[in-house]
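Coordinates as given in structure30.cif (mmCIF, C-alpha atoms):
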data_coords
#
loop_
_atom_site.label_atom_id
_atom_site.label_comp_id
_atom_site.auth_asym_id
_atom_site.auth_seq_id
_atom_site.Cartn_x
_atom_site.Cartn_y
_atom_site.Cartn_z
CA MET A 1 184.47 272.47 -26.67
CA ARG A 2 184.41 269.85 -29.39
CA LYS A 3 181.99 267.77 -27.29
CA ALA A 4 179.61 270.72 -26.96
CA THR A 5 179.78 271.39 -30.69
CA ASN A 6 178.98 267.75 -31.44
CA GLU A 7 176.04 267.90 -29.08
CA GLN A 8 174.67 271.03 -30.77
CA ARG A 9 175.14 269.40 -34.16
CA ASP A 10 173.24 266.30 -32.96
CA THR A 11 170.37 268.46 -31.72
CA VAL A 12 170.16 270.36 -35.00
CA MET A 13 170.30 267.08 -36.94
CA ALA A 14 167.57 265.56 -34.81
CA ARG A 15 165.39 268.61 -35.35
CA LYS A 16 166.00 268.52 -39.07
CA LEU A 17 165.05 264.86 -39.16
CA ILE A 18 161.68 265.40 -37.49
CA ARG A 19 161.25 268.88 -39.01
CA VAL A 20 159.94 270.75 -35.96
CA SER A 21 160.28 274.51 -35.75
CA LYS A 22 160.30 276.60 -32.57
CA LYS A 23 156.99 278.19 -33.53
CA MET A 24 155.39 274.81 -34.02
CA VAL A 25 156.60 273.49 -30.66
CA PHE A 26 155.35 276.64 -28.94
CA THR A 27 151.97 276.46 -30.68
CA TRP A 28 151.46 272.79 -29.85
CA ALA A 29 152.52 273.28 -26.24
CA MET A 30 150.20 276.28 -25.83
CA LEU A 31 147.36 274.29 -27.35
CA ALA A 32 148.04 271.44 -24.93
CA GLY A 33 148.09 273.93 -22.07
CA LEU A 34 144.75 275.43 -23.10
CA ILE A 35 143.18 271.98 -23.42
CA ILE A 36 144.43 271.08 -19.93
CA LEU A 37 143.19 274.44 -18.61
CA PHE A 38 139.66 274.08 -19.90
CA ALA A 39 139.31 270.30 -19.51
CA PRO A 40 137.06 269.16 -16.63
CA GLN A 41 138.89 269.16 -13.33
CA SER A 42 137.84 265.58 -12.63
CA MET A 43 139.93 264.54 -15.64
CA THR A 44 142.98 266.72 -15.07
CA ASN A 45 143.12 265.87 -11.35
CA LYS A 46 144.19 262.38 -12.35
CA PHE A 47 147.67 263.78 -13.05
CA GLN A 48 147.88 265.13 -9.50
CA PHE A 49 146.60 261.89 -7.99
CA ALA A 50 149.06 259.88 -10.08
CA PHE A 51 151.96 262.08 -8.94
CA SER A 52 151.09 261.73 -5.26
CA ARG A 53 150.58 257.96 -5.69
CA ILE A 54 153.90 257.42 -7.46
CA PHE A 55 155.88 259.67 -5.12
CA HIS A 56 153.92 258.81 -1.99
CA TRP A 57 157.04 257.66 -0.15
CA PRO A 58 159.30 260.73 -0.64
CA LEU A 59 156.35 263.08 -0.15
CA SER A 60 155.46 261.45 3.19
CA ILE A 61 159.08 261.61 4.33
CA GLY A 62 159.24 265.28 3.42
CA ARG A 63 156.09 265.99 5.36
CA ASN A 64 157.43 264.16 8.42
CA PHE A 65 160.68 266.16 8.17
CA THR A 66 158.72 269.39 8.04
CA LEU A 67 156.61 268.38 11.04
CA LEU A 68 159.75 267.39 12.91
CA ALA A 69 161.33 270.76 12.16
CA ARG A 70 158.20 272.51 13.39
CA THR A 71 158.05 270.57 16.66
CA GLN A 72 161.74 271.26 17.29
CA ASP A 73 160.99 274.95 16.94
CA SER A 74 158.38 274.86 19.71
CA PRO A 75 159.28 272.05 22.11
CA SER A 76 156.94 273.30 24.84
CA ASP A 77 153.86 272.80 22.63
CA VAL A 78 154.47 269.24 21.53
CA VAL A 79 152.46 266.76 23.55
CA PRO A 80 150.51 268.60 26.24
CA ARG A 81 148.77 271.05 23.89
CA PHE A 82 147.77 268.30 21.46
CA GLU A 83 146.36 266.18 24.26
CA TYR A 84 144.66 269.20 25.75
CA ALA A 85 143.05 270.14 22.42
CA LYS A 86 141.98 266.54 21.88
CA LEU A 87 140.27 266.30 25.26
CA GLU A 88 138.79 269.76 25.01
CA ASN A 89 137.22 268.93 21.64
CA HIS A 90 135.95 265.63 22.98
CA LEU A 91 134.41 267.42 25.96
CA SER A 92 132.70 269.92 23.66
CA ASN A 93 131.29 267.11 21.54
CA LEU A 94 130.08 265.23 24.59
CA THR A 95 128.46 268.35 26.04
CA LYS A 96 126.60 268.96 22.81
CA LEU A 97 125.67 265.31 22.59
CA LEU A 98 124.38 265.36 26.13
CA GLU A 99 122.29 268.40 25.36
CA GLN A 100 120.84 266.70 22.30
CA GLU A 101 120.20 263.51 24.24
CA HIS A 102 118.32 265.44 26.89
CA GLN A 103 116.12 267.00 24.24
CA LYS A 104 115.52 263.59 22.68
CA VAL A 105 114.67 262.03 26.00
CA GLU A 106 112.21 264.79 26.66
CA ARG A 107 110.54 264.54 23.25
CA LEU A 108 110.93 260.93 22.27
CA SER A 109 111.16 259.04 25.52
CA GLY A 110 110.96 255.36 24.91
CA LEU A 111 112.65 255.35 21.52
CA ARG A 112 116.02 253.79 21.26
CA SER A 113 118.88 256.09 20.48
CA LYS A 114 122.50 255.65 19.67
CA PHE A 115 125.53 257.25 21.20
CA GLY A 116 127.37 259.60 18.91
CA LEU A 117 129.88 257.84 16.78
CA VAL A 118 129.48 254.46 18.45
CA GLY A 119 128.52 252.16 15.59
CA ALA A 120 129.96 254.47 12.99
CA LYS A 121 132.59 252.98 10.73
CA LEU A 122 135.73 255.02 10.89
CA VAL A 123 138.57 254.61 8.43
CA CYS A 124 141.93 255.81 9.62
CA ALA A 125 143.96 257.41 6.83
CA ASP A 126 147.46 258.85 6.74
CA VAL A 127 148.03 262.34 5.39
CA ILE A 128 150.31 262.26 2.34
CA THR A 129 150.40 265.99 1.67
CA ALA A 130 148.77 268.99 3.31
CA ILE A 131 148.25 272.22 1.43
CA LEU A 132 147.28 274.98 3.81
CA GLU A 133 148.42 278.08 2.04
CA GLY A 134 146.30 280.79 0.47
CA PRO A 135 142.77 279.90 -0.60
CA ARG A 136 143.53 276.23 -1.08
CA ASN A 137 143.26 274.16 2.08
CA GLU A 138 143.40 270.47 1.26
CA LEU A 139 144.75 267.18 2.50
CA MET A 140 145.69 264.18 0.38
CA LEU A 141 144.92 260.85 2.08
CA ASN A 142 146.31 257.38 1.39
CA ARG A 143 142.86 255.75 1.42
CA GLY A 144 140.27 255.70 -1.34
CA GLN A 145 137.21 254.00 -2.78
CA ASN A 146 138.72 250.57 -2.06
CA ASP A 147 138.53 251.39 1.66
CA GLY A 148 134.93 252.63 1.50
CA LEU A 149 135.63 256.32 1.09
CA ALA A 150 133.21 258.39 -0.98
CA LYS A 151 132.64 262.01 -1.88
CA GLY A 152 130.89 264.04 0.83
CA GLN A 153 131.98 261.96 3.82
CA TYR A 154 133.08 263.85 6.90
CA VAL A 155 136.68 263.79 8.10
CA LEU A 156 137.66 263.95 11.75
CA GLY A 157 140.89 265.49 13.00
CA ILE A 158 141.29 265.14 16.73
CA ASN A 159 137.65 264.63 17.66
CA ASN A 160 136.51 267.50 15.49
CA ILE A 161 135.35 267.84 11.91
CA ILE A 162 138.07 269.28 9.70
CA GLY A 163 136.50 268.84 6.26
CA VAL A 164 134.80 266.55 3.77
CA ILE A 165 136.04 264.22 1.06
CA SER A 166 135.98 266.24 -2.17
CA GLU A 167 137.54 263.83 -4.64
CA VAL A 168 138.27 260.15 -4.46
CA THR A 169 140.15 257.56 -6.51
CA PRO A 170 140.42 253.83 -5.74
CA LYS A 171 143.49 254.34 -3.57
CA GLN A 172 143.54 258.02 -2.60
CA ALA A 173 141.23 260.81 -1.56
CA LYS A 174 141.34 264.55 -1.32
CA VAL A 175 139.86 266.35 1.69
CA LYS A 176 138.54 269.84 1.27
CA LEU A 177 139.06 271.48 4.64
CA VAL A 178 136.42 273.71 6.20
CA THR A 179 138.87 276.59 5.76
CA ASP A 180 139.16 276.14 1.97
CA ARG A 181 137.80 279.14 0.07
CA THR A 182 135.35 276.93 -1.87
CA SER A 183 134.11 275.09 1.22
CA SER A 184 130.68 275.66 2.72
CA MET A 185 129.35 273.46 5.48
CA GLU A 186 126.03 273.45 7.30
CA SER A 187 126.83 274.37 10.86
CA GLU A 188 125.41 275.54 14.12
CA VAL A 189 126.63 278.25 16.47
CA THR A 190 124.87 279.03 19.77
CA GLY A 191 121.88 277.04 18.52
CA LEU A 192 121.57 278.98 15.26
CA LYS A 193 121.71 277.08 12.00
CA THR A 194 124.08 278.70 9.52
CA VAL A 195 126.61 277.96 6.80
CA LEU A 196 130.31 278.03 7.57
CA LYS A 197 132.24 279.40 4.61
CA GLY A 198 135.96 278.76 4.24
CA ASN A 199 138.13 281.84 4.04
CA GLY A 200 141.58 280.35 3.36
CA GLY A 201 144.54 280.92 5.66
CA ASN A 202 143.30 278.44 8.31
CA CYS A 203 140.09 280.31 9.13
CA ALA A 204 136.45 280.32 8.12
CA LYS A 205 133.64 282.87 8.29
CA VAL A 206 130.02 282.73 9.34
CA PRO A 207 128.31 285.02 6.82
CA LEU A 208 125.04 286.92 6.97
CA MET A 209 124.65 286.89 10.74
CA SER A 210 122.78 289.97 11.95
CA LEU A 211 123.86 292.09 14.92
CA GLU A 212 120.95 290.93 17.07
CA HIS A 213 122.49 287.49 17.54
CA LYS A 214 124.52 287.14 20.70
CA ILE A 215 127.66 285.51 19.42
CA LYS A 216 130.98 286.04 21.10
CA ALA A 217 134.57 284.86 20.83
CA GLY A 218 134.96 281.38 22.28
CA ASP A 219 131.55 280.11 21.13
CA ILE A 220 131.76 276.65 19.64
CA VAL A 221 130.75 275.94 16.05
CA TYR A 222 129.33 272.49 15.31
CA ALA A 223 128.80 270.64 12.02
CA CYS A 224 125.07 269.95 11.64
CA LYS A 225 123.99 266.36 11.58
CA LYS A 226 123.37 264.81 8.17
CA PRO A 227 121.48 261.53 8.03
CA GLY A 228 123.73 258.71 6.85
CA LEU A 229 126.88 260.78 7.15
CA LEU A 230 126.79 262.41 10.56
CA GLU A 231 124.27 261.43 13.20
CA VAL A 232 125.24 263.94 15.86
CA PRO A 233 126.59 267.48 15.65
CA ILE A 234 130.36 267.45 16.02
CA MET A 235 132.59 270.36 16.84
CA ILE A 236 134.37 272.16 14.00
CA GLY A 237 136.08 274.98 15.82
CA LYS A 238 135.66 278.09 17.89
CA VAL A 239 134.71 281.67 17.16
CA THR A 240 137.97 283.58 17.50
CA MET A 241 136.68 287.00 16.54
CA CYS A 242 133.23 288.53 16.41
CA LYS A 243 132.82 292.20 15.53
CA ARG A 244 130.66 294.50 13.46
CA ASP A 245 131.29 294.08 9.74
CA THR A 246 132.97 297.25 8.45
CA GLN A 247 131.51 296.86 4.94
CA LYS A 248 128.00 295.78 6.00
CA PRO A 249 127.40 297.45 9.40
CA GLN A 250 124.10 295.62 9.99
CA LEU A 251 125.93 292.27 10.00
CA LEU A 252 128.51 290.56 12.18
CA ASP A 253 131.97 289.63 10.98
CA ILE A 254 132.53 286.22 12.59
CA THR A 255 135.84 284.41 12.24
CA VAL A 256 136.09 280.72 13.12
CA GLU A 257 139.28 278.72 13.49
CA PRO A 258 139.50 274.91 13.60
CA SER A 259 140.05 273.57 17.08
CA CYS A 260 143.01 271.45 16.07
CA ASP A 261 146.29 272.16 14.35
CA VAL A 262 145.49 270.70 10.93
CA ALA A 263 149.03 271.28 9.68
CA GLY A 264 150.33 269.00 12.40
CA LEU A 265 148.00 266.08 11.66
CA THR A 266 149.68 262.93 10.39
CA SER A 267 146.50 260.85 10.28
CA VAL A 268 142.77 261.49 10.22
CA ASP A 269 139.56 259.47 10.57
CA VAL A 270 136.92 259.35 7.86
CA ILE A 271 133.34 258.62 8.86
CA THR A 272 132.40 256.20 6.10
CA MET A 273 129.08 255.09 7.52
CA ASN A 274 127.04 256.37 10.41
CA PRO A 275 124.01 254.09 10.75
CA MET B 1 170.46 269.16 -23.81
CA ARG B 2 170.49 266.02 -21.72
CA TRP B 3 166.81 265.22 -21.55
CA VAL B 4 167.02 262.24 -19.19
CA ARG B 5 168.94 264.32 -16.66
CA PHE B 6 166.40 267.10 -17.16
CA ALA B 7 163.48 264.73 -16.50
CA VAL B 8 165.09 263.39 -13.31
CA LEU B 9 165.92 266.91 -12.15
CA ILE B 10 162.33 268.09 -12.73
CA VAL B 11 160.89 265.17 -10.79
CA VAL B 12 163.27 265.71 -7.87
CA VAL B 13 162.65 269.46 -7.75
CA THR B 14 158.87 268.95 -7.98
CA VAL B 15 158.95 266.56 -5.00
CA LEU B 16 161.16 269.03 -3.10
CA GLN B 17 158.80 271.91 -3.90
CA ALA B 18 155.73 269.88 -2.90
CA SER B 19 156.94 268.49 0.36
CA TYR B 20 160.32 269.71 1.60
CA ILE B 21 160.27 273.42 0.85
CA ASP B 22 158.33 274.21 4.05
CA MET B 23 161.57 273.62 5.93
CA VAL B 24 163.03 276.81 4.49
CA SER B 25 159.82 278.85 4.62
CA PHE B 26 159.98 282.14 6.41
CA LYS B 27 156.63 283.45 7.70
CA ASN B 28 154.84 281.17 5.21
CA ILE B 29 156.85 282.59 2.29
CA LYS B 30 158.60 279.89 0.32
CA PRO B 31 160.96 280.09 -2.65
CA ASP B 32 159.71 278.71 -5.94
CA LEU B 33 162.33 276.22 -7.10
CA LEU B 34 160.49 275.53 -10.35
CA LEU B 35 160.57 279.23 -11.20
CA ILE B 36 164.33 279.32 -10.58
CA LEU B 37 164.77 276.27 -12.78
CA MET B 38 162.68 277.79 -15.57
CA VAL B 39 164.76 280.98 -15.57
CA PHE B 40 167.97 278.90 -15.53
CA PHE B 41 167.00 276.93 -18.63
CA SER B 42 165.64 280.01 -20.41
CA ILE B 43 168.95 281.79 -19.84
CA TYR B 44 171.39 278.98 -20.60
CA CYS B 45 169.62 276.84 -23.23
CA ASN B 46 168.93 277.57 -26.87
CA THR B 47 165.46 278.92 -27.64
CA PHE B 48 164.10 275.60 -28.87
CA ASP B 49 165.11 273.74 -25.69
CA ALA B 50 164.01 276.67 -23.51
CA ILE B 51 160.46 276.47 -24.91
CA ILE B 52 160.19 272.75 -24.17
CA THR B 53 161.72 273.07 -20.68
CA SER B 54 159.45 276.02 -19.78
CA PHE B 55 156.28 274.13 -20.69
CA ALA B 56 157.53 270.97 -18.94
CA ILE B 57 158.31 272.94 -15.77
CA GLY B 58 154.88 274.59 -16.01
CA PHE B 59 153.28 271.16 -16.18
CA ALA B 60 155.23 270.12 -13.07
CA ALA B 61 154.06 273.30 -11.30
CA ASP B 62 150.46 272.44 -12.20
CA ILE B 63 150.78 268.92 -10.81
CA ILE B 64 151.60 270.27 -7.35
CA GLY B 65 149.39 273.34 -7.72
CA PRO B 66 145.69 273.90 -7.04
CA ALA B 67 144.51 273.22 -10.60
CA MET B 68 145.88 271.97 -13.90
CA GLY B 69 146.41 274.50 -16.69
CA PRO B 70 147.43 277.93 -15.37
CA GLY B 71 151.03 276.86 -14.66
CA ILE B 72 151.78 275.25 -18.02
CA ILE B 73 150.53 278.30 -19.93
CA SER B 74 152.14 280.98 -17.78
CA PHE B 75 155.49 279.21 -17.35
CA GLY B 76 155.56 278.34 -21.05
CA LEU B 77 154.71 281.86 -22.16
CA ILE B 78 157.08 283.71 -19.82
CA GLY B 79 159.88 281.17 -20.33
CA THR B 80 159.63 281.54 -24.10
CA LEU B 81 159.63 285.33 -23.82
CA LEU B 82 162.72 285.24 -21.60
CA ALA B 83 164.50 282.88 -23.98
CA ASN B 84 163.80 285.25 -26.88
CA LEU B 85 164.75 288.28 -24.81
CA ARG B 86 168.08 286.63 -23.99
CA ARG B 87 169.04 286.98 -27.64
CA VAL B 88 168.96 290.76 -27.15
CA ILE B 89 170.06 291.13 -23.50
CA THR B 90 172.82 289.07 -21.87
CA ILE B 91 171.81 287.85 -18.41
CA THR B 92 175.04 286.57 -16.95
CA LYS B 93 175.61 288.73 -13.87
CA MET B 94 174.01 287.56 -10.65
CA PRO B 95 172.02 290.78 -10.02
CA TYR B 96 170.53 290.55 -13.51
CA GLN B 97 169.67 286.91 -12.93
CA SER B 98 167.97 287.87 -9.67
CA LEU B 99 166.04 290.58 -11.47
CA ALA B 100 165.03 288.10 -14.18
CA ILE B 101 163.77 285.61 -11.56
CA PHE B 102 161.86 288.33 -9.70
CA THR B 103 160.26 289.74 -12.86
CA CYS B 104 159.37 286.29 -14.20
CA GLY B 105 157.95 285.32 -10.79
CA VAL B 106 155.69 288.37 -10.69
CA PHE B 107 154.48 287.98 -14.28
CA ILE B 108 153.93 284.22 -13.94
CA GLY B 109 152.05 284.80 -10.69
CA LEU B 110 149.82 287.44 -12.25
CA LEU B 111 149.08 285.18 -15.23
CA VAL B 112 148.32 282.26 -12.92
CA VAL B 113 145.91 284.45 -10.92
CA PHE B 114 144.20 285.57 -14.13
CA LEU B 115 143.90 282.03 -15.52
CA ALA B 116 142.71 280.72 -12.15
CA PHE B 117 140.04 283.44 -12.27
CA LEU B 118 139.02 282.22 -15.74
CA LYS B 119 138.83 278.69 -14.37
CA LYS B 120 136.74 279.97 -11.43
CA GLN B 121 139.37 278.91 -8.93
CA PRO B 122 139.50 280.84 -5.64
CA THR B 123 142.43 283.15 -4.95
CA ALA B 124 143.89 284.24 -1.64
CA GLN B 125 143.02 287.65 -0.26
CA ASN B 126 146.69 288.59 0.06
CA VAL B 127 147.68 286.94 -3.24
CA TYR B 128 149.70 289.93 -4.49
CA SER B 129 151.67 290.19 -1.27
CA VAL B 130 152.48 286.44 -1.35
CA LEU B 131 153.41 286.78 -5.02
CA PHE B 132 155.81 289.64 -4.31
CA TRP B 133 157.56 287.98 -1.36
CA THR B 134 157.78 284.56 -3.07
CA SER B 135 159.35 286.16 -6.15
CA LEU B 136 161.75 288.15 -3.97
CA TYR B 137 162.79 285.09 -1.95
CA SER B 138 163.32 283.11 -5.17
CA ALA B 139 165.30 285.99 -6.67
CA VAL B 140 167.59 286.13 -3.63
CA ILE B 141 168.47 282.43 -3.57
CA GLY B 142 167.99 281.65 -7.29
CA PRO B 143 171.40 282.69 -8.74
CA PHE B 144 173.19 280.64 -6.06
CA LEU B 145 171.33 277.52 -7.26
CA PHE B 146 172.35 278.07 -10.88
CA LEU B 147 175.84 276.68 -10.37
CA PRO B 148 174.80 273.31 -8.84
CA THR B 149 172.05 273.02 -11.47
CA ALA B 150 174.57 273.63 -14.24
CA TRP B 151 176.86 271.01 -12.71
CA LEU B 152 174.00 268.49 -12.49
CA MET B 153 173.03 269.19 -16.10
CA ARG B 154 176.68 269.15 -17.22
CA MET B 155 176.22 272.61 -18.71
CA LYS B 156 178.85 275.32 -18.90
CA ILE B 157 177.73 278.68 -17.63
CA GLN B 158 179.55 281.98 -17.79
CA ARG B 159 179.45 284.67 -15.18
CA PHE B 160 180.93 288.07 -15.69
CA GLY B 161 181.80 290.71 -13.13
CA HIS B 162 182.70 288.32 -10.27
#
Show me the file's structure as structure tokens.
Amino acid sequence: MRKATNEQRDTVMARKLIRVSKKMVFTWAMLAGLIILFAPQSMTNKFQFAFSRIFHWPLSIGRNFTLLARTQDSPSDVVPRFEYAKLENHLSNLTKLLEQEHQKVERLSGLRSKFGLVGAKLVCADVITAILEGPRNELMLNRGQNDGLAKGQYVLGINNIIGVISEVTPKQAKVKLVTDRTSSMESEVTGLKTVLKGNGGNCAKVPLMSLEHKIKAGDIVYACKKPGLLEVPIMIGKVTMCKRDTQKPQLLDITVEPSCDVAGLTSVDVITMNP
Amino acid sequence: MRWVRFAVLIVVVTVLQASYIDMVSFKNIKPDLLLILMVFFSIYCNTFDAIITSFAIGFAADIIGPAMGPGIISFGLIGTLLANLRRVITITKMPYQSLAIFTCGVFIGLLVVFLAFLKKQPTAQNVYSVLFWTSLYSAVIGPFLFLPTAWLMRMKIQRFGH
């Protein structure tokens, strides 16, 4: 009791010495909060990067624990499904590549061409944290500018595109997944060029697609090639639902899901250069 | 108030919330440990300390959140309100503590959504449903975490009616 009283007395004394009132502390803290709120995100993100850099080790352990708990819940899905998804995605990429190569051979016979990602520089990065809840779908990687990573580069999961680098520091990078609400990626579905918009909750939407297009569940969605970043279209995911939009009846409501379990990824590959 | 202990506790809870909390998630609904901590300090500290702890916890919530800013303001504001309210209403019984956590969770969530909207941050389609269930989950487990937190902080807490 006496100890507590002494402590309270010390606190009051300390406050008297520096003459800070409750109102003043509240005002200053609110002001700091407002400055942080309206400061550019590129500046304030440094706090988040610093936190994940300092606590990289416990955060990684926590993630591994979570993944372990998940795999123990569904022991039948562990290895075979992962391998199956990996091969299936690879097959889809190869099929699309073959189709493109055929077209090239027909049109540009005689010109030298390169095979997909052969020659591309891939940087393998470990996933520190994965945020896949609500509208925010992001991964934090343990590689950064020092390893050749830059904003806009494509990120591969298990042979499929899962997102692009959105922010990068010398040692870390943030990946905005295709399912993030602010993500939009040039894509292709059944030969039609479109934009894949993230919808949060591990799915994306293909907007503004009229009813006349023959798109069905199971169709594969590819990321369009981008000179210097992606030389061949690579699979993103599959159409899981295609129905008439209830709000805009002249359009289709197309839902796309990534073809790999992003939450279960422990490492990814970043395409840093695709000559 | 033991500020070094508080700093260590905040860091540990932030790491737990960022990385380990998925282990106790139920249908993607997770408890908010930082919210529980904020309510604990607002109930058991004096108003001056409660203001500082609320803003500090808000800052920690921002660090592991989608954007910096909404957490510090909403946690700070609601924590300060609760600390001032405590001078009028005694929140010592576990059901009242649960109710305080639930109410604070809902109001903080709504403020965060509003501030995220101001900052042009995207929000989930089912944000209100997630908000409700997260607050409820936190309210259910929160009062049981008060005792170990008080022990860690070497604080004496009183509970009536048990």
Taking only C-alpha atoms into account and nothing else, which residues of chain B lie no more than 8 Å away from chain A? Please answer as a PyMOL selection string. chain B and resi 1+15-16+18-20+22-23+28+47-48+51-52+55+63-64+66-70+72-73+76+119+122-127
The PyMOL selection byres ((chain B and resi 97) around 9) on the file shown: which residues, as an MDAnalysis selection string? chainID B and resid 39:40 43 91:96 98:102 139 142:143
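With only C-alpha atoms as the atoms that count, the minimum distance from B:Trp3 to the choices B:Ser74, B:Met153, B:Val140, B:Thr90 is reached by B:Met153.
With distances taken over all atoms listed in the file, A:Val256 is the one residue among A:Ile165, A:Val123, A:Ile271, A:Val256 lying closest to A:Glu188.
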Which polymer residues have any atom within 12 Å of an atom of A:Thr240, counting all atoms listed in the file, with same-chain residues fewer than 2 positions away left out, as a ChimeraX atom specification? /A:202-206,215-221,237-238,242-243,253-259
Residue by residue, what does the PyMOL selection byres ((chain A and resi 252) around 8) grab here? Present the result as a ChimeraX atom specification. /A:207-211,242-245,249-251,253-254
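When atom CA of A:Phe82 is paired with atom CA of A:Ser267, their separation reads 13.5 Å.
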With distances taken over only C-alpha atoms, which of A:Tyr222, A:Glu212, A:Gly228, A:Lys193 is nearest to A:Val178? A:Tyr222
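The gap separating atom CA of A:Asn93 from atom CA of A:Ala120 is 15.3 Å, in Å to one decimal.
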Separating atom CA of B:Val4 from atom CA of B:Phe41, to the nearest tenth of an Å, is a gap of 14.7 Å
Fewer than 3 positions away in the same chain doesn't count, so skip those; otherwise give me all residues within 12 Å of A:Ile234, counting only C-alpha atoms, as a VMD selection string. chain A and resid 89 to 98 100 116 to 117 154 to 163 186 to 189 220 to 226 229 to 231 237 259 271
For B:Ile78, work out the shell of residues within 10 Å, counting all atoms listed in the file and skipping chain neighbours fewer than 6 positions away, then give it as a ChimeraX atom specification. /B:38-39,42,51,54-55,84,103-105,107-108,111
Let's have the selection written as a compact mmCIF listing (two decimals), in the frame of the given file, with C-alpha atoms.
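Final output, selection-v4.txt:
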# COMPACT_ATOMS: atom_id res chain seq x y z
CA MET B 38 162.68 277.79 -15.57
CA VAL B 39 164.76 280.98 -15.57
CA SER B 42 165.64 280.01 -20.41
CA ILE B 51 160.46 276.47 -24.91
CA SER B 54 159.45 276.02 -19.78
CA PHE B 55 156.28 274.13 -20.69
CA ASN B 84 163.80 285.25 -26.88
CA THR B 103 160.26 289.74 -12.86
CA CYS B 104 159.37 286.29 -14.20
CA GLY B 105 157.95 285.32 -10.79
CA PHE B 107 154.48 287.98 -14.28
CA ILE B 108 153.93 284.22 -13.94
CA LEU B 111 149.08 285.18 -15.23
N, CA and C atoms for stretch 231-246 of chain A, written as an mmCIF file, in the frame of the given file, could you do that?
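The result, stored in part_33.cif:
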data_model
loop_
_atom_site.group_PDB
_atom_site.id
_atom_site.type_symbol
_atom_site.label_atom_id
_atom_site.label_comp_id
_atom_site.auth_asym_id
_atom_site.auth_seq_id
_atom_site.Cartn_x
_atom_site.Cartn_y
_atom_site.Cartn_z
ATOM 1 N N GLU A 231 125.498 261.587 12.420
ATOM 2 C CA GLU A 231 124.270 261.430 13.200
ATOM 3 C C GLU A 231 124.152 262.427 14.343
ATOM 4 N N VAL A 232 125.263 262.950 14.769
ATOM 5 C CA VAL A 232 125.240 263.940 15.860
ATOM 6 C C VAL A 232 126.081 265.152 15.456
ATOM 7 N N PRO A 233 125.725 266.322 15.964
ATOM 8 C CA PRO A 233 126.590 267.480 15.650
ATOM 9 C C PRO A 233 127.966 267.280 16.275
ATOM 10 N N ILE A 234 128.982 267.577 15.526
ATOM 11 C CA ILE A 234 130.360 267.450 16.020
ATOM 12 C C ILE A 234 131.074 268.788 15.837
ATOM 13 N N MET A 235 131.894 269.069 16.812
ATOM 14 C CA MET A 235 132.590 270.360 16.840
ATOM 15 C C MET A 235 133.476 270.566 15.599
ATOM 16 N N ILE A 236 133.453 271.791 15.094
ATOM 17 C CA ILE A 236 134.370 272.160 14.000
ATOM 18 C C ILE A 236 135.493 273.028 14.571
ATOM 19 N N GLY A 237 135.080 274.057 15.282
ATOM 20 C CA GLY A 237 136.080 274.980 15.820
ATOM 21 C C GLY A 237 135.433 275.995 16.736
ATOM 22 N N LYS A 238 136.152 277.057 16.978
ATOM 23 C CA LYS A 238 135.660 278.090 17.890
ATOM 24 C C LYS A 238 135.649 279.446 17.197
ATOM 25 N N VAL A 239 134.733 280.288 17.643
ATOM 26 C CA VAL A 239 134.710 281.670 17.160
ATOM 27 C C VAL A 239 135.907 282.377 17.785
ATOM 28 N N THR A 240 136.788 282.892 16.958
ATOM 29 C CA THR A 240 137.970 283.580 17.500
ATOM 30 C C THR A 240 137.812 285.091 17.466
ATOM 31 N N MET A 241 136.900 285.553 16.605
ATOM 32 C CA MET A 241 136.680 287.000 16.540
ATOM 33 C C MET A 241 135.242 287.263 16.100
ATOM 34 N N CYS A 242 134.590 288.168 16.789
ATOM 35 C CA CYS A 242 133.230 288.530 16.410
ATOM 36 C C CYS A 242 133.085 290.043 16.582
ATOM 37 N N LYS A 243 132.936 290.731 15.479
ATOM 38 C CA LYS A 243 132.820 292.200 15.530
ATOM 39 C C LYS A 243 131.870 292.672 14.441
ATOM 40 N N ARG A 244 131.541 293.934 14.482
ATOM 41 C CA ARG A 244 130.660 294.500 13.460
ATOM 42 C C ARG A 244 131.389 294.543 12.115
ATOM 43 N N ASP A 245 130.689 294.093 11.070
ATOM 44 C CA ASP A 245 131.290 294.080 9.740
ATOM 45 C C ASP A 245 131.477 295.526 9.265
ATOM 46 N N THR A 246 132.686 295.860 8.868
ATOM 47 C CA THR A 246 132.970 297.250 8.450
ATOM 48 C C THR A 246 132.297 297.600 7.123
#
